[in-house]
file start_25.cif (mmCIF, C-alpha atoms; chains and numbers go by the auth columns)
data_entry
loop_
_atom_site.group_PDB
_atom_site.id
_atom_site.type_symbol
_atom_site.label_atom_id
_atom_site.label_comp_id
_atom_site.label_asym_id
_atom_site.label_seq_id
_atom_site.Cartn_x
_atom_site.Cartn_y
_atom_site.Cartn_z
_atom_site.B_iso_or_equiv
_atom_site.auth_seq_id
_atom_site.auth_asym_id
ATOM 1 C CA PHE A 1 5.774 2.768 -17.966 0.00 1 A
ATOM 2 C CA PRO A 2 8.055 0.271 -19.737 0.00 2 A
ATOM 3 C CA ALA A 3 10.922 2.760 -19.846 0.00 3 A
ATOM 4 C CA ALA A 4 11.125 2.642 -16.055 0.00 4 A
ATOM 5 C CA ARG A 5 12.060 -1.055 -16.228 0.00 5 A
ATOM 6 C CA LEU A 6 10.068 -1.892 -13.101 0.00 6 A
ATOM 7 C CA ALA A 7 9.228 -5.338 -14.438 0.00 7 A
ATOM 8 C CA PRO A 8 11.132 -7.719 -16.740 0.00 8 A
ATOM 9 C CA ILE A 9 8.422 -7.618 -19.385 0.00 9 A
ATOM 10 C CA ASP A 10 10.714 -8.987 -22.101 0.00 10 A
ATOM 11 C CA ASP A 11 11.404 -12.236 -20.258 0.00 11 A
ATOM 12 C CA PRO A 12 8.288 -14.322 -19.512 0.00 12 A
ATOM 13 C CA PHE A 13 9.595 -16.347 -16.569 0.00 13 A
ATOM 14 C CA PRO A 14 11.031 -13.472 -14.449 0.00 14 A
ATOM 15 C CA PHE A 15 7.911 -11.450 -15.301 0.00 15 A
ATOM 16 C CA ALA A 16 5.750 -14.313 -14.024 0.00 16 A
ATOM 17 C CA GLU A 17 7.834 -14.333 -10.825 0.00 17 A
ATOM 18 C CA VAL A 18 7.158 -10.632 -10.311 0.00 18 A
ATOM 19 C CA GLN A 19 3.446 -11.220 -10.847 0.00 19 A
ATOM 20 C CA THR A 20 3.539 -14.098 -8.375 0.00 20 A
ATOM 21 C CA VAL A 21 5.094 -11.948 -5.654 0.00 21 A
ATOM 22 C CA ASN A 22 2.654 -9.093 -6.171 0.00 22 A
ATOM 23 C CA SER A 23 -0.260 -11.524 -6.183 0.00 23 A
ATOM 24 C CA TYR A 24 0.856 -12.923 -2.834 0.00 24 A
ATOM 25 C CA LEU A 25 1.237 -9.437 -1.366 0.00 25 A
ATOM 26 C CA CYS A 26 -2.221 -8.307 -2.472 0.00 26 A
ATOM 27 C CA SER A 27 -4.219 -11.496 -1.927 0.00 27 A
ATOM 28 C CA THR A 28 -2.617 -12.813 1.272 0.00 28 A
ATOM 29 C CA LEU A 29 -0.489 -10.316 3.204 0.00 29 A
ATOM 30 C CA HIS A 30 -2.577 -7.237 2.433 0.00 30 A
ATOM 31 C CA VAL A 31 -5.782 -9.098 3.297 0.00 31 A
ATOM 32 C CA ALA A 32 -4.328 -10.382 6.582 0.00 32 A
ATOM 33 C CA HIS A 33 -3.401 -6.809 7.491 0.00 33 A
ATOM 34 C CA ALA A 34 -6.878 -5.537 6.571 0.00 34 A
ATOM 35 C CA HIS A 35 -8.445 -7.765 9.221 0.00 35 A
ATOM 36 C CA ARG A 36 -7.135 -5.292 11.805 0.00 36 A
ATOM 37 C CA MET A 37 -9.361 -2.390 10.748 0.00 37 A
ATOM 38 C CA ARG A 38 -11.767 -3.693 8.107 0.00 38 A
ATOM 39 C CA GLY A 39 -13.189 -6.841 9.628 0.00 39 A
ATOM 40 C CA TYR A 40 -16.649 -5.608 8.654 0.00 40 A
ATOM 41 C CA ARG A 41 -15.861 -6.762 5.124 0.00 41 A
ATOM 42 C CA TRP A 42 -15.973 -10.397 6.259 0.00 42 A
ATOM 43 C CA ALA A 43 -18.264 -10.434 9.278 0.00 43 A
ATOM 44 C CA ASP A 44 -21.051 -8.530 10.987 0.00 44 A
ATOM 45 C CA GLU A 45 -20.825 -9.821 14.558 0.00 45 A
ATOM 46 C CA PRO A 46 -18.571 -7.753 16.861 0.00 46 A
ATOM 47 C CA GLU A 47 -17.173 -10.954 18.366 0.00 47 A
ATOM 48 C CA ALA A 48 -16.066 -12.216 14.956 0.00 48 A
ATOM 49 C CA ILE A 49 -14.474 -8.895 14.069 0.00 49 A
ATOM 50 C CA ALA A 50 -12.644 -8.812 17.406 0.00 50 A
ATOM 51 C CA ALA A 51 -11.397 -12.354 16.805 0.00 51 A
ATOM 52 C CA MET A 52 -9.988 -11.326 13.431 0.00 52 A
ATOM 53 C CA GLN A 53 -8.202 -8.403 15.036 0.00 53 A
ATOM 54 C CA ARG A 54 -6.636 -10.644 17.680 0.00 54 A
ATOM 55 C CA LYS A 55 -5.401 -12.999 14.963 0.00 55 A
ATOM 56 C CA VAL A 56 -3.575 -10.262 12.996 0.00 56 A
ATOM 57 C CA PRO A 57 -0.171 -10.458 14.774 0.00 57 A
ATOM 58 C CA GLN A 58 -0.035 -14.210 14.152 0.00 58 A
ATOM 59 C CA SER A 59 -1.362 -14.252 10.582 0.00 59 A
ATOM 60 C CA VAL A 60 0.684 -11.266 9.389 0.00 60 A
ATOM 61 C CA SER A 61 3.826 -12.589 11.091 0.00 61 A
ATOM 62 C CA ALA A 62 3.368 -15.877 9.249 0.00 62 A
ATOM 63 C CA CYS A 63 3.207 -13.992 5.956 0.00 63 A
ATOM 64 C CA TYR A 64 6.447 -12.161 6.686 0.00 64 A
ATOM 65 C CA ASP A 65 8.143 -15.370 7.752 0.00 65 A
ATOM 66 C CA TYR A 66 7.285 -16.792 4.331 0.00 66 A
ATOM 67 C CA ILE A 67 8.601 -13.647 2.608 0.00 67 A
ATOM 68 C CA GLU A 68 11.793 -13.741 4.663 0.00 68 A
ATOM 69 C CA ARG A 69 12.512 -17.382 3.832 0.00 69 A
ATOM 70 C CA HIS A 70 11.146 -17.787 0.303 0.00 70 A
ATOM 71 C CA VAL A 71 10.591 -14.437 -1.430 0.00 71 A
ATOM 72 C CA LEU A 72 13.177 -11.755 -0.607 0.00 72 A
ATOM 73 C CA ARG A 73 16.346 -12.436 -2.564 0.00 73 A
ATOM 74 C CA GLY A 74 18.211 -9.256 -1.635 0.00 74 A
ATOM 75 C CA PRO A 75 19.114 -6.519 -1.905 0.00 75 A
ATOM 76 C CA TRP A 76 15.739 -6.059 -3.659 0.00 76 A
ATOM 77 C CA VAL A 77 12.806 -8.427 -3.709 0.00 77 A
ATOM 78 C CA MET A 78 13.799 -10.010 -7.033 0.00 78 A
ATOM 79 C CA GLY A 79 17.541 -9.754 -6.436 0.00 79 A
ATOM 80 C CA GLU A 80 19.780 -7.120 -8.021 0.00 80 A
ATOM 81 C CA GLN A 81 16.964 -5.596 -10.085 0.00 81 A
ATOM 82 C CA TYR A 82 14.644 -3.037 -8.455 0.00 82 A
ATOM 83 C CA THR A 83 11.075 -3.848 -9.525 0.00 83 A
ATOM 84 C CA ILE A 84 7.482 -2.887 -8.834 0.00 84 A
ATOM 85 C CA CYS A 85 7.525 -5.481 -6.047 0.00 85 A
ATOM 86 C CA ASP A 86 9.787 -3.283 -3.926 0.00 86 A
ATOM 87 C CA PRO A 87 7.519 -0.269 -3.337 0.00 87 A
ATOM 88 C CA TYR A 88 4.561 -2.565 -2.714 0.00 88 A
ATOM 89 C CA LEU A 89 6.401 -4.616 -0.091 0.00 89 A
ATOM 90 C CA PHE A 90 7.793 -1.436 1.451 0.00 90 A
ATOM 91 C CA THR A 91 4.311 0.027 1.837 0.00 91 A
ATOM 92 C CA LEU A 92 3.148 -3.082 3.668 0.00 92 A
ATOM 93 C CA THR A 93 6.204 -3.229 5.934 0.00 93 A
ATOM 94 C CA LEU A 94 5.444 0.254 7.214 0.00 94 A
ATOM 95 C CA TRP A 95 2.327 -1.239 8.830 0.00 95 A
ATOM 96 C CA LEU A 96 4.322 -3.877 10.724 0.00 96 A
ATOM 97 C CA ASP A 97 4.350 -2.122 14.085 0.00 97 A
ATOM 98 C CA GLY A 98 0.599 -1.611 14.103 0.00 98 A
ATOM 99 C CA ASP A 99 0.091 -5.227 13.108 0.00 99 A
ATOM 100 C CA GLY A 100 2.154 -6.421 16.074 0.00 100 A
ATOM 101 C CA VAL A 101 4.939 -8.040 14.042 0.00 101 A
ATOM 102 C CA ASP A 102 8.406 -8.373 15.578 0.00 102 A
ATOM 103 C CA LEU A 103 11.120 -7.453 13.064 0.00 103 A
ATOM 104 C CA ALA A 104 13.842 -9.058 15.152 0.00 104 A
ATOM 105 C CA GLY A 105 13.444 -12.382 13.393 0.00 105 A
ATOM 106 C CA LEU A 106 13.102 -10.847 9.925 0.00 106 A
ATOM 107 C CA PRO A 107 16.554 -9.444 9.042 0.00 107 A
ATOM 108 C CA LYS A 108 16.017 -9.390 5.270 0.00 108 A
ATOM 109 C CA VAL A 109 12.629 -7.698 5.629 0.00 109 A
ATOM 110 C CA ALA A 110 14.157 -5.121 8.002 0.00 110 A
ATOM 111 C CA ASP A 111 17.059 -4.453 5.629 0.00 111 A
ATOM 112 C CA HIS A 112 14.696 -3.989 2.684 0.00 112 A
ATOM 113 C CA ARG A 113 12.549 -1.522 4.604 0.00 113 A
ATOM 114 C CA GLN A 114 15.625 0.479 5.600 0.00 114 A
ATOM 115 C CA ARG A 115 16.976 0.432 2.042 0.00 115 A
ATOM 116 C CA MET A 116 13.677 1.661 0.619 0.00 116 A
ATOM 117 C CA SER A 117 13.280 4.369 3.251 0.00 117 A
ATOM 118 C CA GLN A 118 16.494 5.994 2.033 0.00 118 A
ATOM 119 C CA ARG A 119 14.935 6.879 -1.346 0.00 119 A
ATOM 120 C CA PRO A 120 13.598 10.504 -1.176 0.00 120 A
ATOM 121 C CA ALA A 121 10.870 9.974 -3.770 0.00 121 A
ATOM 122 C CA VAL A 122 9.585 7.032 -1.749 0.00 122 A
ATOM 123 C CA HIS A 123 9.325 9.292 1.299 0.00 123 A
ATOM 124 C CA ALA A 124 7.237 11.791 -0.638 0.00 124 A
ATOM 125 C CA LEU A 125 4.860 9.369 -2.322 0.00 125 A
ATOM 126 C CA TYR A 126 4.334 7.176 0.701 0.00 126 A
ATOM 127 C CA GLY A 127 3.849 10.210 2.923 0.00 127 A
ATOM 128 C CA PHE A 128 1.008 11.362 0.675 0.00 128 A
ATOM 129 C CA ALA A 129 -0.549 7.902 0.489 0.00 129 A
ATOM 130 C CA ARG A 130 -0.278 7.387 4.261 0.00 130 A
ATOM 131 C CA TYR A 131 -1.738 10.833 4.952 0.00 131 A
ATOM 132 C CA ALA A 132 -4.754 10.072 2.765 0.00 132 A
ATOM 133 C CA ASP A 133 -5.181 6.588 4.187 0.00 133 A
ATOM 134 C CA ASP A 134 -5.039 7.869 7.758 0.00 134 A
ATOM 135 C CA ILE A 135 -8.028 10.092 7.027 0.00 135 A
ATOM 136 C CA LEU A 136 -9.949 6.866 6.378 0.00 136 A
ATOM 137 C CA ASP A 137 -8.428 4.418 8.848 0.00 137 A
ATOM 138 C CA ASP A 138 -7.520 6.338 11.999 0.00 138 A
ATOM 139 C CA LEU A 139 -8.784 3.834 14.566 0.00 139 A
ATOM 140 C CA GLU A 140 -8.632 6.427 17.332 0.00 140 A
ATOM 141 C CA SER A 141 -11.025 8.769 15.564 0.00 141 A
ATOM 142 C CA ASP A 142 -14.797 8.516 15.743 0.00 142 A
ATOM 143 C CA ALA A 143 -15.360 10.971 12.878 0.00 143 A
ATOM 144 C CA PRO A 144 -18.345 9.970 10.735 0.00 144 A
ATOM 145 C CA VAL A 145 -17.941 8.867 7.116 0.00 145 A
ATOM 146 C CA SER A 146 -19.246 12.193 5.838 0.00 146 A
ATOM 147 C CA GLU A 147 -16.550 14.102 7.710 0.00 147 A
ATOM 148 C CA ARG A 148 -13.784 11.789 6.497 0.00 148 A
ATOM 149 C CA ALA A 149 -15.075 12.073 2.930 0.00 149 A
ATOM 150 C CA ALA A 150 -15.041 15.863 3.142 0.00 150 A
ATOM 151 C CA ARG A 151 -11.501 15.822 4.530 0.00 151 A
ATOM 152 C CA LEU A 152 -10.338 13.568 1.701 0.00 152 A
ATOM 153 C CA GLU A 153 -11.983 15.806 -0.897 0.00 153 A
ATOM 154 C CA LEU A 154 -10.224 18.830 0.578 0.00 154 A
ATOM 155 C CA LEU A 155 -6.860 17.066 0.299 0.00 155 A
ATOM 156 C CA ALA A 156 -7.608 16.082 -3.318 0.00 156 A
ATOM 157 C CA SER A 157 -8.645 19.618 -4.221 0.00 157 A
ATOM 158 C CA ARG A 158 -5.518 21.134 -2.722 0.00 158 A
ATOM 159 C CA PHE A 159 -3.335 18.600 -4.515 0.00 159 A
ATOM 160 C CA VAL A 160 -4.936 19.308 -7.907 0.00 160 A
ATOM 161 C CA LYS A 161 -4.557 23.061 -7.390 0.00 161 A
ATOM 162 C CA GLY A 162 -0.906 22.645 -6.404 0.00 162 A
ATOM 163 C CA ASP A 163 -1.556 24.380 -3.099 0.00 163 A
ATOM 164 C CA ALA A 164 1.666 23.147 -1.527 0.00 164 A
ATOM 165 C CA ALA A 165 1.454 25.324 1.565 0.00 165 A
ATOM 166 C CA SER A 166 -1.950 24.009 2.650 0.00 166 A
ATOM 167 C CA GLU A 167 -0.987 20.454 3.684 0.00 167 A
ATOM 168 C CA PRO A 168 2.308 19.218 5.193 0.00 168 A
ATOM 169 C CA VAL A 169 2.686 16.352 2.715 0.00 169 A
ATOM 170 C CA LEU A 170 2.020 18.324 -0.475 0.00 170 A
ATOM 171 C CA PRO A 171 5.327 20.150 -1.105 0.00 171 A
ATOM 172 C CA ALA A 172 7.324 16.934 -1.373 0.00 172 A
ATOM 173 C CA VAL A 173 4.787 14.930 -3.369 0.00 173 A
ATOM 174 C CA LEU A 174 4.127 17.757 -5.828 0.00 174 A
ATOM 175 C CA ASP A 175 7.858 18.183 -6.365 0.00 175 A
ATOM 176 C CA THR A 176 8.268 14.436 -6.878 0.00 176 A
ATOM 177 C CA ALA A 177 5.402 14.351 -9.381 0.00 177 A
ATOM 178 C CA ARG A 178 7.043 17.159 -11.370 0.00 178 A
ATOM 179 C CA THR A 179 10.557 15.717 -11.150 0.00 179 A
ATOM 180 C CA TYR A 180 9.559 12.233 -12.292 0.00 180 A
ATOM 181 C CA ARG A 181 6.763 13.417 -14.603 0.00 181 A
ATOM 182 C CA ILE A 182 4.171 11.282 -12.868 0.00 182 A
ATOM 183 C CA PRO A 183 0.812 11.749 -14.631 0.00 183 A
ATOM 184 C CA LEU A 184 -1.679 13.411 -12.313 0.00 184 A
ATOM 185 C CA ASN A 185 -4.420 11.006 -13.383 0.00 185 A
ATOM 186 C CA LEU A 186 -2.604 8.306 -11.385 0.00 186 A
ATOM 187 C CA PHE A 187 -3.150 10.337 -8.226 0.00 187 A
ATOM 188 C CA ASP A 188 -6.817 10.737 -9.218 0.00 188 A
ATOM 189 C CA GLU A 189 -7.129 6.957 -9.489 0.00 189 A
ATOM 190 C CA PHE A 190 -5.495 6.478 -6.089 0.00 190 A
ATOM 191 C CA LEU A 191 -7.840 8.972 -4.439 0.00 191 A
ATOM 192 C CA ALA A 192 -10.836 7.345 -6.139 0.00 192 A
ATOM 193 C CA SER A 193 -9.926 4.050 -4.487 0.00 193 A
ATOM 194 C CA MET A 194 -9.542 5.834 -1.163 0.00 194 A
ATOM 195 C CA ARG A 195 -13.105 7.143 -1.555 0.00 195 A
ATOM 196 C CA MET A 196 -14.351 3.607 -2.180 0.00 196 A
ATOM 197 C CA ASP A 197 -12.835 2.479 1.111 0.00 197 A
ATOM 198 C CA LEU A 198 -15.242 4.776 2.918 0.00 198 A
ATOM 199 C CA THR A 199 -18.427 3.137 1.692 0.00 199 A
ATOM 200 C CA VAL A 200 -17.802 0.069 -0.477 0.00 200 A
ATOM 201 C CA THR A 201 -17.649 -3.296 1.304 0.00 201 A
ATOM 202 C CA ASP A 202 -17.992 -5.643 -1.666 0.00 202 A
ATOM 203 C CA TYR A 203 -17.231 -5.685 -5.391 0.00 203 A
ATOM 204 C CA PRO A 204 -19.873 -7.380 -7.546 0.00 204 A
ATOM 205 C CA ASP A 205 -17.596 -8.425 -10.406 0.00 205 A
ATOM 206 C CA ARG A 206 -14.032 -8.497 -11.657 0.00 206 A
ATOM 207 C CA PRO A 207 -14.170 -5.137 -13.507 0.00 207 A
ATOM 208 C CA ALA A 208 -15.330 -3.411 -10.315 0.00 208 A
ATOM 209 C CA LEU A 209 -12.506 -5.009 -8.337 0.00 209 A
ATOM 210 C CA ASN A 210 -9.975 -4.113 -11.031 0.00 210 A
ATOM 211 C CA HIS A 211 -11.141 -0.504 -10.898 0.00 211 A
ATOM 212 C CA TYR A 212 -10.503 -0.421 -7.157 0.00 212 A
ATOM 213 C CA MET A 213 -7.169 -2.216 -7.399 0.00 213 A
ATOM 214 C CA ARG A 214 -5.863 0.144 -10.083 0.00 214 A
ATOM 215 C CA GLY A 215 -5.975 2.970 -7.578 0.00 215 A
#
call {"tool": "encode", "arguments": {"input": "start_25.cif", "output": "structure tokens"}}
result
Amino acid sequence: FPAARLAPIDDPFPFAEVQTVNSYLCSTLHVAHAHRMRGYRWADEPEAIAAMQRKVPQSVSACYDYIERHVLRGPWVMGEQYTICDPYLFTLTLWLDGDGVDLAGLPKVADHRQRMSQRPAVHALYGFARYADDILDDLESDAPVSERAARLELLASRFVKGDAASEPVLPAVLDTARTYRIPLNLFDEFLASMRMDLTVTDYPDRPALNHYMRG
């Protein structure tokens, strides 16, 4: 969506900086966060998984300390220009409390999260994404994979049908999709990646990983 100007695609160096930030978020911060609920991707022994979970507050805090000191320029990640980095960082910062990170020492991160939370379309899209993700990752639920898969399929079906009254998050996200003309296939790709999280623990090659990451 070049018309949205979410990345400085006409200037190689700033564009490389955007790519660098997003690469750090996906390959370092997002992975550190995932150790809290998806340790099975890296280990089989319960003791190893528990050790990863205990490490999350420290490892994720270290990531945010780096972002606070070296990445966030303010008011947006890249400075005055709002870019694709901002919604990605915002999504991750909404997991801070669960990861045991103290925002008190991260004033720029806290300001960015507050600034992003004031955008209505962000509320709608994140609410939908969080609702879907919670079906998969609710640590307090012992629902089997088959039940979670069925629940996710029901949400997807109701979204496609435009059944706004059936789920609390659908009225806002459907309105946002119409207002901003967001192609519905992008939601399909997101939900496809959510389905993979239920059963896939490894990606055999780069195309398979790219398929997951697109969603």
call {"tool": "resolve_selection", "arguments": {"input": "start_25.cif", "expression": "the PyMOL selection byres ((chain A and resi 176-192) around 9)", "output": "list of chain:residue names"}}
result
A:Pro120, A:Ala121, A:Ala124, A:Leu125, A:Ala129, A:Ala132, A:Leu152, A:Glu153, A:Ala156, A:Val160, A:Pro171, A:Ala172, A:Val173, A:Leu174, A:Asp175, A:Ser193, A:Met194, A:Arg195, A:Met196, A:Asp197, A:His211, A:Tyr212, A:Met213, A:Arg214, A:Gly215
call {"tool": "closest_residue", "arguments": {"input": "start_25.cif", "among": "A:Phe15, A:Tyr82, A:Tyr66, A:Trp42", "to": "His112 in chain A", "atoms": "only C-alpha atoms"}}
result
A:Tyr82
call {"tool": "closest_residue", "arguments": {"input": "start_25.cif", "among": "A:Ala165, A:Ala4, A:Leu198, A:Leu25", "to": "Arg41 in chain A", "atoms": "all atoms listed in the file"}}
result
A:Leu198
call {"tool": "atom_distance", "arguments": {"input": "start_25.cif", "atom1": "CA of Ala48 in chain A", "atom2": "CA of Ala34 in chain A"}}
result
14.1 Å
call {"tool": "residues_around", "arguments": {"input": "start_25.cif", "residues": "Pro75 in chain A", "least_positions_apart": "5", "cutoff": "9 Å", "atoms": "all atoms listed in the file", "output": "ChimeraX atom specification"}}
result
/A:80-82,108,111-112,115
call {"tool": "closest_residue", "arguments": {"input": "start_25.cif", "among": "A:Cys85, A:Ala164, A:Val56, A:Ile67", "to": "Arg5 in chain A", "atoms": "only C-alpha atoms"}}
result
A:Cys85
call {"tool": "atom_distance", "arguments": {"input": "start_25.cif", "atom1": "CA of Arg113 in chain A", "atom2": "CA of Cys63 in chain A"}}
result
15.6 Å
call {"tool": "resolve_selection", "arguments": {"input": "start_25.cif", "expression": "the PyMOL selection byres ((chain A and resi 39) around 12)", "output": "list in words"}}
result
Val31, Ala32, His33, Ala34, His35, Arg36, Met37, Arg38, Tyr40, Arg41, Trp42, Ala43, Asp44, Glu45, Pro46, Glu47, Ala48, Ile49, Ala50, Ala51, Met52, Gln53, Arg54, Lys55, Val56 and Thr201 of chain A
call {"tool": "write_last_selection", "arguments": {"input": "start_25.cif", "atoms": "C-alpha atoms", "output": "short mmCIF file (atom, residue, chain, number, x, y, z; two decimals), in the coordinates of the input"}}
result
data_model
loop_
_atom_site.label_atom_id
_atom_site.label_comp_id
_atom_site.auth_asym_id
_atom_site.auth_seq_id
_atom_site.Cartn_x
_atom_site.Cartn_y
_atom_site.Cartn_z
CA VAL A 31 -5.78 -9.10 3.30
CA ALA A 32 -4.33 -10.38 6.58
CA HIS A 33 -3.40 -6.81 7.49
CA ALA A 34 -6.88 -5.54 6.57
CA HIS A 35 -8.44 -7.76 9.22
CA ARG A 36 -7.14 -5.29 11.80
CA MET A 37 -9.36 -2.39 10.75
CA ARG A 38 -11.77 -3.69 8.11
CA TYR A 40 -16.65 -5.61 8.65
CA ARG A 41 -15.86 -6.76 5.12
CA TRP A 42 -15.97 -10.40 6.26
CA ALA A 43 -18.26 -10.43 9.28
CA ASP A 44 -21.05 -8.53 10.99
CA GLU A 45 -20.82 -9.82 14.56
CA PRO A 46 -18.57 -7.75 16.86
CA GLU A 47 -17.17 -10.95 18.37
CA ALA A 48 -16.07 -12.22 14.96
CA ILE A 49 -14.47 -8.90 14.07
CA ALA A 50 -12.64 -8.81 17.41
CA ALA A 51 -11.40 -12.35 16.80
CA MET A 52 -9.99 -11.33 13.43
CA GLN A 53 -8.20 -8.40 15.04
CA ARG A 54 -6.64 -10.64 17.68
CA LYS A 55 -5.40 -13.00 14.96
CA VAL A 56 -3.58 -10.26 13.00
CA THR A 201 -17.65 -3.30 1.30
#
call {"tool": "axis_aligned_box", "arguments": {"input": "start_25.cif", "around": "range 96-112 of chain A", "padding_each_side": "4 Å", "output": "lines of an AutoDock Vina configuration file"}}
result
center_x = 8.6
center_y = -7.0
center_z = 9.4
size_x = 25.0
size_y = 18.8
size_z = 21.4
call {"tool": "residues_around", "arguments": {"input": "start_25.cif", "residues": "Ser117 in chain A", "least_positions_apart": "5", "cutoff": "12 Å", "atoms": "only C-alpha atoms", "output": "ChimeraX atom specification"}}
result
/A:86-87,89-91,93-94,110-112,122-127
call {"tool": "atom_distance", "arguments": {"input": "start_25.cif", "atom1": "CA of Arg148 in chain A", "atom2": "CA of Ile135 in chain A"}}
result
6.0 Å
